[in-house]
file model35.tsv (TSV, C-alpha atoms and all ligand atoms)
chain	number	residue	atom	x	y	z
N	798	MET	CA	16.99	-23.64	-0.99
N	799	ILE	CA	17.29	-20.55	-3.20
N	800	LYS	CA	16.22	-17.58	-1.14
N	801	PHE	CA	14.28	-14.59	-2.43
N	802	LEU	CA	16.37	-12.33	-0.18
N	803	ASP	CA	19.24	-13.23	2.17
N	804	LEU	CA	20.32	-10.49	4.55
N	805	LYS	CA	22.18	-12.94	6.78
N	806	SER	CA	24.57	-13.92	4.01
N	807	GLN	CA	25.14	-10.24	3.19
N	808	TYR	CA	25.98	-9.53	6.84
N	809	SER	CA	28.50	-12.37	6.93
N	810	GLN	CA	30.40	-10.66	4.08
N	811	ILE	CA	30.76	-7.36	5.96
N	812	LYS	CA	30.48	-8.50	9.59
N	813	VAL	CA	33.86	-7.21	10.80
N	814	GLU	CA	33.29	-3.71	9.44
N	815	VAL	CA	29.65	-3.48	10.52
N	816	ASP	CA	30.36	-4.74	14.04
N	817	ALA	CA	33.17	-2.19	14.43
N	818	ALA	CA	30.94	0.63	13.15
N	819	ILE	CA	28.15	-0.27	15.58
N	820	HIS	CA	30.59	-0.63	18.47
N	821	ASN	CA	32.09	2.78	17.71
N	822	VAL	CA	28.70	4.52	17.92
N	823	ILE	CA	27.84	2.80	21.19
N	824	GLU	CA	31.26	3.60	22.69
N	825	LYS	CA	30.84	7.27	21.87
N	826	ALA	CA	27.15	7.22	22.84
N	827	THR	CA	26.26	9.53	19.94
N	828	PHE	CA	22.90	7.99	19.08
N	829	ILE	CA	21.00	10.91	17.59
N	830	GLY	CA	22.90	13.32	15.36
N	831	GLY	CA	26.64	13.01	15.03
N	832	GLU	CA	29.45	12.19	12.72
N	833	GLN	CA	27.99	9.11	10.99
N	834	ILE	CA	24.72	10.70	9.93
N	835	LYS	CA	26.56	13.77	8.60
N	836	GLN	CA	28.90	11.51	6.65
N	837	LEU	CA	26.03	9.47	5.21
N	838	GLU	CA	24.08	12.56	4.15
N	839	LYS	CA	27.16	13.92	2.37
N	840	ASP	CA	28.12	10.64	0.70
N	841	PHE	CA	24.61	9.57	-0.25
N	842	ALA	CA	23.83	12.96	-1.82
N	843	SER	CA	26.97	12.70	-3.89
N	844	TYR	CA	26.30	9.03	-4.75
N	845	GLN	CA	22.84	9.96	-6.08
N	846	ASP	CA	23.98	13.11	-7.95
N	847	ALA	CA	22.06	15.43	-5.60
N	848	ASN	CA	23.07	18.59	-3.75
N	849	TYR	CA	21.28	17.87	-0.47
N	850	CYS	CA	20.35	14.80	1.56
N	851	ILE	CA	18.31	14.71	4.78
N	852	GLY	CA	18.19	11.48	6.75
N	853	VAL	CA	14.72	10.63	8.11
N	854	ALA	CA	13.11	7.77	10.02
N	855	ASN	CA	11.81	5.73	7.05
N	856	GLY	CA	10.86	5.94	3.38
N	857	THR	CA	7.19	6.65	4.05
N	858	ASP	CA	8.12	9.66	6.18
N	859	ALA	CA	10.56	10.76	3.47
N	860	LEU	CA	7.68	10.90	0.97
N	861	GLU	CA	5.28	12.56	3.38
N	862	ILE	CA	7.78	15.22	4.50
N	863	ALA	CA	8.87	15.87	0.90
N	864	ILE	CA	5.23	16.46	-0.10
N	865	GLU	CA	4.57	18.66	2.95
N	866	ALA	CA	7.65	20.76	2.15
N	867	LEU	CA	6.15	21.72	-1.22
N	868	GLY	CA	3.54	23.79	0.63
N	869	LEU	CA	0.66	22.88	-1.70
N	870	PRO	CA	-2.90	24.07	-1.02
N	871	ASN	CA	-4.85	21.53	1.06
N	872	ASN	CA	-6.55	18.78	-0.90
N	873	SER	CA	-4.43	19.24	-4.02
N	874	GLU	CA	-4.60	16.32	-6.42
N	875	ILE	CA	-1.41	14.27	-6.64
N	876	ILE	CA	-1.06	11.55	-9.28
N	877	VAL	CA	0.22	8.15	-8.11
N	878	PRO	CA	0.81	5.05	-10.27
N	879	ALA	CA	-1.64	2.21	-9.58
N	880	ASN	CA	1.08	-0.38	-9.05
N	881	SER	CA	3.33	0.51	-6.12
N	882	PHE	CA	3.73	-0.10	-2.42
N	883	VAL	CA	0.92	1.60	-0.48
N	884	ALA	CA	3.35	4.15	1.02
N	885	SER	CA	3.46	5.99	-2.34
N	886	SER	CA	-0.23	6.92	-2.05
N	887	GLU	CA	-0.53	6.87	1.75
N	888	ALA	CA	1.98	9.73	2.01
N	889	VAL	CA	-0.19	11.87	-0.28
N	890	THR	CA	-3.26	11.47	1.92
N	891	ARG	CA	-1.30	11.85	5.16
N	892	ALA	CA	0.15	15.12	3.84
N	893	GLY	CA	-3.43	16.41	3.38
N	894	HIS	CA	-3.93	15.82	-0.34
N	895	LYS	CA	-6.01	13.75	-2.71
N	896	VAL	CA	-4.71	10.60	-4.41
N	897	VAL	CA	-5.48	10.23	-8.12
N	898	PHE	CA	-4.32	6.96	-9.62
N	899	CYS	CA	-2.83	6.60	-13.08
N	900	ASP	CA	-1.77	3.47	-14.96
N	901	CYS	CA	1.64	1.81	-15.36
N	902	ASP	CA	3.55	0.90	-18.49
N	903	PRO	CA	3.03	-2.79	-19.38
N	904	HIS	CA	6.69	-3.31	-20.34
N	905	ASN	CA	8.86	-1.50	-17.77
N	906	TYR	CA	6.06	-1.13	-15.15
N	907	THR	CA	6.79	2.52	-14.31
N	908	ILE	CA	4.33	5.42	-14.62
N	909	ASP	CA	2.41	5.59	-17.93
N	910	LEU	CA	2.69	9.15	-19.25
N	911	LYS	CA	-0.43	9.02	-21.43
N	912	SER	CA	-2.38	7.95	-18.38
N	913	VAL	CA	-0.90	10.84	-16.35
N	914	VAL	CA	-2.23	13.28	-18.95
N	915	SER	CA	-5.64	11.58	-18.94
N	916	VAL	CA	-6.19	12.14	-15.19
N	917	LEU	CA	-4.98	15.77	-15.03
N	918	THR	CA	-7.46	18.33	-13.69
N	919	LYS	CA	-7.17	22.00	-12.72
N	920	ASN	CA	-6.44	20.81	-9.16
N	921	THR	CA	-3.47	18.58	-10.05
N	922	ARG	CA	-0.32	19.91	-8.40
N	923	ALA	CA	2.18	17.04	-8.33
N	924	VAL	CA	2.99	13.56	-9.52
N	925	ILE	CA	4.77	10.72	-7.70
N	926	ALA	CA	7.32	9.17	-10.05
N	927	VAL	CA	7.86	5.70	-8.59
N	928	HIS	CA	11.02	4.14	-10.01
N	929	LEU	CA	9.34	0.78	-9.57
N	930	TYR	CA	11.41	-2.41	-9.40
N	931	GLY	CA	14.52	-0.21	-9.70
N	932	HIS	CA	13.65	0.97	-13.23
N	933	PRO	CA	13.72	4.77	-13.63
N	934	CYS	CA	10.62	6.53	-14.96
N	935	ASP	CA	10.80	8.40	-18.28
N	936	MET	CA	11.84	11.63	-16.58
N	937	ASP	CA	12.15	13.86	-19.69
N	938	GLY	CA	8.66	12.87	-20.77
N	939	LEU	CA	7.31	13.46	-17.29
N	940	LYS	CA	9.10	16.81	-16.96
N	941	GLU	CA	7.54	17.98	-20.20
N	942	ILE	CA	4.07	17.27	-18.80
N	943	ALA	CA	5.01	18.76	-15.42
N	944	ASP	CA	6.36	21.97	-16.97
N	945	GLU	CA	3.32	22.40	-19.17
N	946	HIS	CA	0.89	21.97	-16.27
N	947	GLY	CA	2.91	23.49	-13.41
N	948	LEU	CA	3.37	20.23	-11.48
N	949	PHE	CA	6.02	19.20	-8.99
N	950	ILE	CA	7.67	15.81	-9.46
N	951	ILE	CA	8.28	13.75	-6.33
N	952	GLU	CA	10.53	10.78	-7.07
N	953	ASP	CA	9.79	7.66	-5.03
N	954	CYS	CA	13.24	6.06	-5.12
N	955	ALA	CA	12.60	3.45	-2.41
N	956	GLN	CA	13.51	0.69	-4.89
N	957	ALA	CA	16.05	2.59	-6.96
N	958	HIS	CA	19.31	3.30	-5.10
N	959	GLY	CA	21.92	3.80	-7.82
N	960	ALA	CA	19.42	3.66	-10.70
N	961	GLU	CA	20.17	6.06	-13.55
N	962	TYR	CA	18.09	7.95	-16.06
N	963	LYS	CA	20.22	8.91	-19.10
N	964	GLY	CA	23.36	8.70	-16.97
N	965	THR	CA	22.09	10.68	-13.96
N	966	ARG	CA	21.20	8.92	-10.75
N	967	VAL	CA	17.60	9.27	-9.60
N	968	GLY	CA	16.48	11.35	-6.59
N	969	ALA	CA	17.06	14.95	-7.62
N	970	ILE	CA	16.06	14.80	-11.30
N	971	GLY	CA	12.55	15.92	-10.33
N	972	THR	CA	11.71	18.45	-7.62
N	973	ILE	CA	12.49	16.21	-4.68
N	974	GLY	CA	13.13	12.51	-4.05
N	975	ALA	CA	12.42	10.03	-1.27
N	976	PHE	CA	14.50	6.94	-0.41
N	977	SER	CA	13.90	4.05	1.97
N	978	PHE	CA	16.60	2.16	3.84
N	979	TYR	CA	14.21	-0.59	4.95
N	980	PRO	CA	16.38	-3.71	5.48
N	981	GLY	CA	15.23	-5.46	2.28
N	982	LYS	CA	15.87	-2.50	-0.06
N	983	ASN	CA	18.97	-2.41	-2.28
N	984	LEU	CA	20.65	-0.27	0.39
N	985	GLY	CA	19.11	-1.32	3.68
N	986	ALA	CA	19.71	-0.46	7.33
N	987	TYR	CA	19.29	-2.85	10.28
N	988	GLY	CA	15.93	-1.33	11.10
N	989	ASP	CA	13.92	1.50	9.55
N	990	GLY	CA	15.53	4.43	7.79
N	991	GLY	CA	14.99	6.84	4.92
N	992	ALA	CA	16.30	9.94	3.19
N	993	ILE	CA	15.13	12.93	1.18
N	994	LEU	CA	17.17	14.26	-1.75
N	995	THR	CA	16.86	17.54	-3.60
N	996	ASN	CA	18.91	20.17	-5.40
N	997	SER	CA	16.89	23.00	-3.81
N	998	SER	CA	18.50	24.46	-0.69
N	999	GLU	CA	15.15	25.95	0.29
N	1000	LEU	CA	13.34	22.60	0.15
N	1001	ALA	CA	16.25	20.88	1.92
N	1002	THR	CA	16.04	23.32	4.84
N	1003	LYS	CA	12.25	22.99	4.99
N	1004	CYS	CA	12.46	19.18	5.07
N	1005	ARG	CA	15.15	19.20	7.73
N	1006	MET	CA	13.01	21.48	9.88
N	1007	ILE	CA	9.79	19.46	9.41
N	1008	ALA	CA	11.67	16.30	10.39
N	1009	ASN	CA	13.11	17.96	13.47
N	1010	HIS	CA	10.23	19.74	15.26
N	1011	GLY	CA	10.26	22.81	13.03
N	1012	ARG	CA	13.62	23.98	14.28
N	1013	ILE	CA	17.20	24.59	13.24
N	1014	GLU	CA	18.52	25.59	16.66
N	1015	LYS	CA	17.81	23.53	19.75
N	1016	TYR	CA	14.75	25.23	21.28
N	1017	ASN	CA	13.89	27.82	18.67
N	1018	HIS	CA	10.87	26.20	16.97
N	1019	GLN	CA	9.69	28.22	13.97
N	1020	PHE	CA	6.66	26.00	13.26
N	1021	GLU	CA	5.23	22.68	14.39
N	1022	GLY	CA	7.10	19.85	12.75
N	1023	ARG	CA	7.54	16.27	13.87
N	1024	ASN	CA	10.23	13.85	14.93
N	1025	SER	CA	11.53	11.82	11.99
N	1026	ARG	CA	15.27	11.23	12.20
N	1027	LEU	CA	17.66	8.62	10.89
N	1028	ASP	CA	19.68	7.57	13.93
N	1029	ASN	CA	23.42	7.36	14.07
N	1030	LEU	CA	23.62	3.57	14.50
N	1031	GLN	CA	21.70	3.06	11.25
N	1032	ALA	CA	23.80	5.72	9.53
N	1033	ALA	CA	27.01	3.97	10.64
N	1034	ILE	CA	25.76	0.68	9.16
N	1035	LEU	CA	24.68	2.40	5.94
N	1036	ASN	CA	28.09	4.07	5.61
N	1037	VAL	CA	29.69	0.63	5.53
N	1038	LYS	CA	27.12	-0.78	3.11
N	1039	LEU	CA	27.22	2.19	0.71
N	1040	LYS	CA	30.80	1.22	-0.23
N	1041	TYR	CA	29.56	-2.17	-1.45
N	1042	LEU	CA	26.43	-0.96	-3.22
N	1043	ASP	CA	27.93	-0.66	-6.72
N	1044	ASN	CA	29.26	-4.22	-6.50
N	1045	TRP	CA	25.96	-5.55	-5.24
N	1046	THR	CA	24.07	-3.68	-7.95
N	1047	ASN	CA	26.33	-5.12	-10.62
N	1048	LYS	CA	25.58	-8.61	-9.32
N	1049	ARG	CA	21.84	-7.89	-9.50
N	1050	ILE	CA	22.22	-6.73	-13.10
N	1051	GLU	CA	24.23	-9.86	-13.98
N	1052	ILE	CA	21.52	-12.10	-12.53
N	1053	ALA	CA	18.84	-10.08	-14.35
N	1054	ASP	CA	20.72	-10.32	-17.65
N	1055	PHE	CA	20.99	-14.06	-17.15
N	1056	TYR	CA	17.24	-14.39	-16.48
N	1057	LEU	CA	16.48	-12.19	-19.51
N	1058	SER	CA	18.57	-14.22	-21.89
N	1059	SER	CA	17.73	-17.69	-20.60
N	1060	LEU	CA	13.96	-17.09	-20.34
N	1061	LEU	CA	13.68	-15.30	-23.68
N	1062	GLY	CA	12.19	-18.30	-25.46
N	1063	VAL	CA	9.52	-19.14	-22.87
N	1064	LYS	CA	6.41	-17.85	-24.59
N	1065	GLU	CA	4.10	-18.26	-21.57
N	1066	ILE	CA	5.90	-15.48	-19.68
N	1067	SER	CA	6.43	-11.76	-20.25
N	1068	LEU	CA	9.86	-10.50	-19.31
N	1069	PRO	CA	10.46	-6.97	-17.97
N	1070	LYS	CA	11.80	-4.44	-20.45
N	1071	ARG	CA	14.79	-2.29	-19.64
N	1072	GLU	CA	14.62	0.91	-21.69
N	1073	GLU	CA	17.85	1.85	-23.46
N	1074	TRP	CA	18.11	5.07	-21.41
N	1075	ALA	CA	17.79	3.21	-18.13
N	1076	LYS	CA	20.22	1.79	-15.67
N	1077	GLN	CA	17.85	-0.50	-13.80
N	1078	VAL	CA	19.02	-1.76	-10.42
N	1079	TYR	CA	16.52	-4.64	-10.17
N	1080	HIS	CA	15.21	-4.23	-6.65
N	1081	VAL	CA	13.03	-7.09	-7.84
N	1082	PHE	CA	12.89	-9.00	-11.12
N	1083	VAL	CA	9.25	-9.32	-12.13
N	1084	ILE	CA	7.85	-11.63	-14.80
N	1085	ARG	CA	4.23	-12.04	-15.79
N	1086	THR	CA	2.35	-15.26	-16.46
N	1087	LYS	CA	-1.28	-16.42	-16.47
N	1088	LEU	CA	-0.15	-19.42	-14.38
N	1089	ARG	CA	1.40	-17.26	-11.66
N	1090	ASP	CA	0.16	-19.20	-8.60
N	1091	GLU	CA	0.85	-22.58	-10.18
N	1092	LEU	CA	4.38	-21.51	-11.13
N	1093	ALA	CA	5.05	-20.03	-7.68
N	1094	ASN	CA	3.93	-23.28	-6.03
N	1095	TYR	CA	6.04	-25.36	-8.40
N	1096	LEU	CA	9.13	-23.23	-7.71
N	1097	ASN	CA	8.48	-23.39	-3.98
N	1098	GLU	CA	8.27	-27.19	-4.16
N	1099	HIS	CA	11.66	-27.10	-5.90
N	1100	GLY	CA	13.21	-24.99	-3.15
N	1101	ILE	CA	12.93	-21.63	-4.92
N	1102	GLN	CA	11.33	-18.71	-3.06
N	1103	THR	CA	9.41	-16.04	-4.96
N	1104	GLY	CA	7.41	-12.91	-4.08
N	1105	VAL	CA	4.66	-10.75	-5.58
N	1106	HIS	CA	5.01	-6.98	-6.06
N	1107	TYR	CA	2.21	-6.23	-5.59
N	1108	PRO	CA	-0.65	-8.74	-5.25
N	1109	ILE	CA	-3.42	-6.11	-5.12
N	1110	ALA	CA	-3.19	-2.98	-7.29
N	1111	LEU	CA	-3.57	0.13	-5.12
N	1112	PRO	CA	-6.99	1.27	-6.49
N	1113	LYS	CA	-8.44	-2.14	-5.54
N	1114	LEU	CA	-7.37	-1.91	-1.91
N	1115	GLU	CA	-10.12	-1.50	0.64
N	1116	ALA	CA	-8.20	1.56	1.86
N	1117	TYR	CA	-9.10	3.33	-1.42
N	1118	ASN	CA	-12.78	2.45	-1.70
N	1119	TYR	CA	-13.50	5.99	-0.51
N	1120	LEU	CA	-11.89	7.49	-3.61
N	1121	LYS	CA	-14.45	5.90	-5.94
N	1122	GLN	CA	-12.03	6.25	-8.85
N	1123	ASP	CA	-12.80	3.76	-11.60
N	1124	CYS	CA	-9.48	2.27	-12.69
N	1125	SER	CA	-10.94	-0.94	-14.11
N	1126	THR	CA	-9.47	-0.31	-17.57
N	1127	TYR	CA	-5.92	0.05	-16.24
N	1128	PHE	CA	-3.25	-2.47	-17.14
N	1129	ALA	CA	-2.07	-2.40	-13.50
N	1130	TYR	CA	-5.62	-3.11	-12.31
N	1131	ASN	CA	-6.06	-6.13	-14.55
N	1132	ASN	CA	-2.67	-7.79	-14.33
N	1133	ASP	CA	-1.80	-7.94	-10.62
N	1134	ALA	CA	-2.67	-11.65	-10.54
N	1135	GLU	CA	0.05	-12.36	-13.14
N	1136	LEU	CA	3.04	-10.70	-11.43
N	1137	LEU	CA	5.79	-12.89	-9.99
N	1138	SER	CA	9.11	-11.75	-8.53
N	1139	LEU	CA	12.02	-14.17	-8.96
N	1140	PRO	CA	14.87	-14.48	-6.44
N	1141	MET	CA	17.12	-11.42	-6.77
N	1142	GLY	CA	20.11	-10.09	-4.88
N	1143	GLU	CA	23.83	-10.21	-4.39
N	1144	HIS	CA	23.42	-13.46	-2.45
N	1145	LEU	CA	22.67	-15.39	-5.66
N	1146	THR	CA	25.27	-17.21	-7.72
N	1147	LYS	CA	25.08	-17.78	-11.48
N	1148	GLU	CA	24.37	-21.42	-10.60
N	1149	ASP	CA	21.35	-20.34	-8.52
N	1150	ALA	CA	20.03	-18.22	-11.39
N	1151	TRP	CA	20.58	-21.13	-13.76
N	1152	GLN	CA	18.53	-23.38	-11.46
N	1153	VAL	CA	15.72	-20.83	-11.28
N	1154	ALA	CA	15.60	-20.46	-15.06
N	1155	ASN	CA	15.71	-24.20	-15.59
N	1156	ALA	CA	12.91	-24.83	-13.11
N	1157	ILE	CA	10.74	-22.26	-14.92
N	1158	LYS	CA	11.45	-23.87	-18.28
N	1159	ALA	CA	10.71	-27.33	-16.87
N	1160	PHE	CA	7.37	-26.09	-15.48
N	1161	PHE	CA	6.21	-24.91	-18.91
N	1162	GLU	CA	7.44	-27.98	-20.81
S	1201	LIG	C1	9.54	0.45	0.67
S	1201	LIG	C2	8.81	1.45	-0.11
S	1201	LIG	C3	8.36	2.65	0.46
S	1201	LIG	C4	8.35	2.91	1.94
S	1201	LIG	O1	9.54	2.82	2.62
S	1201	LIG	P1	9.57	2.47	4.18
S	1201	LIG	O2	10.99	2.78	4.56
S	1201	LIG	O3	9.21	1.04	4.34
S	1201	LIG	O4	8.61	3.38	4.87
S	1201	LIG	C5	7.79	3.60	-0.36
S	1201	LIG	N1	7.66	3.39	-1.68
S	1201	LIG	C6	8.05	2.25	-2.28
S	1201	LIG	C7	7.89	2.10	-3.75
S	1201	LIG	C8	8.63	1.23	-1.51
S	1201	LIG	O5	9.02	0.10	-2.11
call {"tool": "encode", "arguments": {"input": "model35.tsv", "output": "structure tokens"}}
result
Amino acid sequence: MIKFLDLKSQYSQIKVEVDAAIHNVIEKATFIGGEQIKQLEKDFASYQDANYCIGVANGTDALEIAIEALGLPNNSEIIVPANSFVASSEAVTRAGHKVVFCDCDPHNYTIDLKSVVSVLTKNTRAVIAVHLYGHPCDMDGLKEIADEHGLFIIEDCAQAHGAEYKGTRVGAIGTIGAFSFYPGKNLGAYGDGGAILTNSSELATKCRMIANHGRIEKYNHQFEGRNSRLDNLQAAILNVKLKYLDNWTNKRIEIADFYLSSLLGVKEISLPKREEWAKQVYHVFVIRTKLRDELANYLNEHGIQTGVHYPIALPKLEAYNYLKQDCSTYFAYNNDAELLSLPMGEHLTKEDAWQVANAIKAFFE
């Protein structure tokens, strides 16, 4: 069986260190706040080329708090790409604003800049740059549009730990960035977790206060915030895993390069494009084919697990009927039935990748 994701095998590699880290937190009974979360915030900020990092409860909260910290007028329009996880748009609405969908690029699947321009109005205040599948968005292009129209850029980096745009890691290239440490992400906790990154000390303080009941000191609440913290047990686990992340990312890239070269000749599938300015970290490796369901079934019968990211484009979700935005001409709207994610992760061997590629070739022969 070739697994789509294998967290158990990852744990077995680092068991001794992780167990010790967990034990240490429990022994000291420092569950909320403490040494490990401080360490993680410092190390993760530096890892992602950012000045500030604030640990929060999950990636969805990270997005929502980041948007709230911008202090936009209620009901501002925020542009979100039509292919993403629902959290990217949900956070906009939850923060009191209006979702406006734009299209995705048909080759690297990140935000389509021409489409961003086409949905701008006088009420547009921000754009969510989702570094989808671990591929960075075209940040210079997006910044040009943002500067011209006075928009903030919120980077959704939930799938892009370690990804680089022109040599800089994502997260603080735009105004503010949100990360998820959901277990299945490239850097995952053993439960929920998330982080906000920014180079602005003002925004960092605002986010930290929103996530901690509007306070800096214990009972001196300056406004009503909420409780969204990354706990110390998760931080301790993440501190161990962060040391391995570069190695794991390199393995993902090796597997991706193997898929790219061995599937090159299969004309029934479209392979993902990695732009020359991108270091893509392949949270998932997504191909496109008209025979998506048939291929997925065939692979499953041959012991190969696959996934779909995402089976229903966001504008088609029942949750967005109320928007009444017609996105029927979008690439993302019309191609969700063709997307297929191949097994990806540090758990795979070259032999596994070879088997996956061979099974795909055999299916189309
Ligand atoms: C996982 C994910 C999120 C949400 O993160 P959670 O930690 O699960 O709340 C947001 N955006 C994208 C693109 C994601 O993949």
call {"tool": "residues_around", "arguments": {"input": "model35.tsv", "residues": "N:Asn905", "least_positions_apart": "2", "cutoff": "6 Å", "atoms": "only C-alpha atoms", "output": "list in words"}}
result
Asp902, Thr907, Pro1069 and Lys1070 of chain N
call {"tool": "closest_atom_pairs", "arguments": {"input": "model35.tsv", "of": "chain N", "to": "ligand LIG 1201 (chain S)", "cutoff": "6 Å", "atoms": "only C-alpha atoms and all ligand atoms", "output": "CSV"}}
result
residue,atom,partner,partner_atom,distance
N:Asn855,CA,S:LIG1201,O2,3.9
N:Gly856,CA,S:LIG1201,O2,3.4
N:Thr857,CA,S:LIG1201,O4,3.7
N:Ser881,CA,S:LIG1201,C7,5.4
N:Phe882,CA,S:LIG1201,C7,4.9
N:Ala884,CA,S:LIG1201,C5,4.7
N:Ser885,CA,S:LIG1201,N1,5.0
N:Asp953,CA,S:LIG1201,N1,5.8
N:Ala955,CA,S:LIG1201,C8,4.6
N:Gln956,CA,S:LIG1201,O5,5.3
N:Ser977,CA,S:LIG1201,O2,4.1
N:Phe978,CA,S:LIG1201,O2,5.7
N:Tyr979,CA,S:LIG1201,O2,4.7
N:Asp989,CA,S:LIG1201,O2,5.9
N:Gly990,CA,S:LIG1201,O2,5.8
N:Gly991,CA,S:LIG1201,O2,5.7
call {"tool": "closest_residue", "arguments": {"input": "model35.tsv", "among": "N:Ile908, N:Ala975, N:Leu1060, N:Ala1159", "to": "N:Ala1129", "atoms": "only C-alpha atoms"}}
result
N:Ile908
call {"tool": "closest_residue", "arguments": {"input": "model35.tsv", "among": "N:Ile1109, N:His958, N:Val896, N:Arg966", "to": "N:Lys1121", "atoms": "only C-alpha atoms"}}
result
N:Val896
call {"tool": "closest_residue", "arguments": {"input": "model35.tsv", "among": "N:Val883, N:Lys1038, N:Met798, N:Tyr1016", "to": "N:Lys812", "atoms": "only C-alpha atoms"}}
result
N:Lys1038
call {"tool": "atom_distance", "arguments": {"input": "model35.tsv", "atom1": "atom CA of N:Ile811", "atom2": "atom CA of N:Gln1031"}}
result
14.8 Å
call {"tool": "closest_atom_pairs", "arguments": {"input": "model35.tsv", "of": "stretch 932-995 of chain N", "to": "stretch 1075-1085 of chain N", "cutoff": "7 Å", "atoms": "all atoms listed in the file", "output": "CSV"}}
result
residue,atom,partner,partner_atom,distance
N:His932,CA,N:Gln1077,CA,4.5
N:Pro933,CA,N:Ala1075,CA,6.3
N:Gln956,CA,N:His1080,CA,5.5
N:Ala957,CA,N:Val1078,CA,6.3
N:Gly959,CA,N:Val1078,CA,6.8
N:Ala960,CA,N:Lys1076,CA,5.4
N:Glu961,CA,N:Lys1076,CA,4.8
N:Tyr962,CA,N:Ala1075,CA,5.2
N:Lys963,CA,N:Ala1075,CA,6.3
N:Lys982,CA,N:His1080,CA,6.8
N:Asn983,CA,N:His1080,CA,6.0
call {"tool": "closest_residue", "arguments": {"input": "model35.tsv", "among": "N:Glu874, N:Glu941, N:Glu1162, N:Glu1115", "to": "N:Ala923", "atoms": "all atoms listed in the file"}}
result
N:Glu874
call {"tool": "atom_distance", "arguments": {"input": "model35.tsv", "atom1": "atom CA of N:Ala1053", "atom2": "atom CA of N:Gly1104"}}
result
15.6 Å
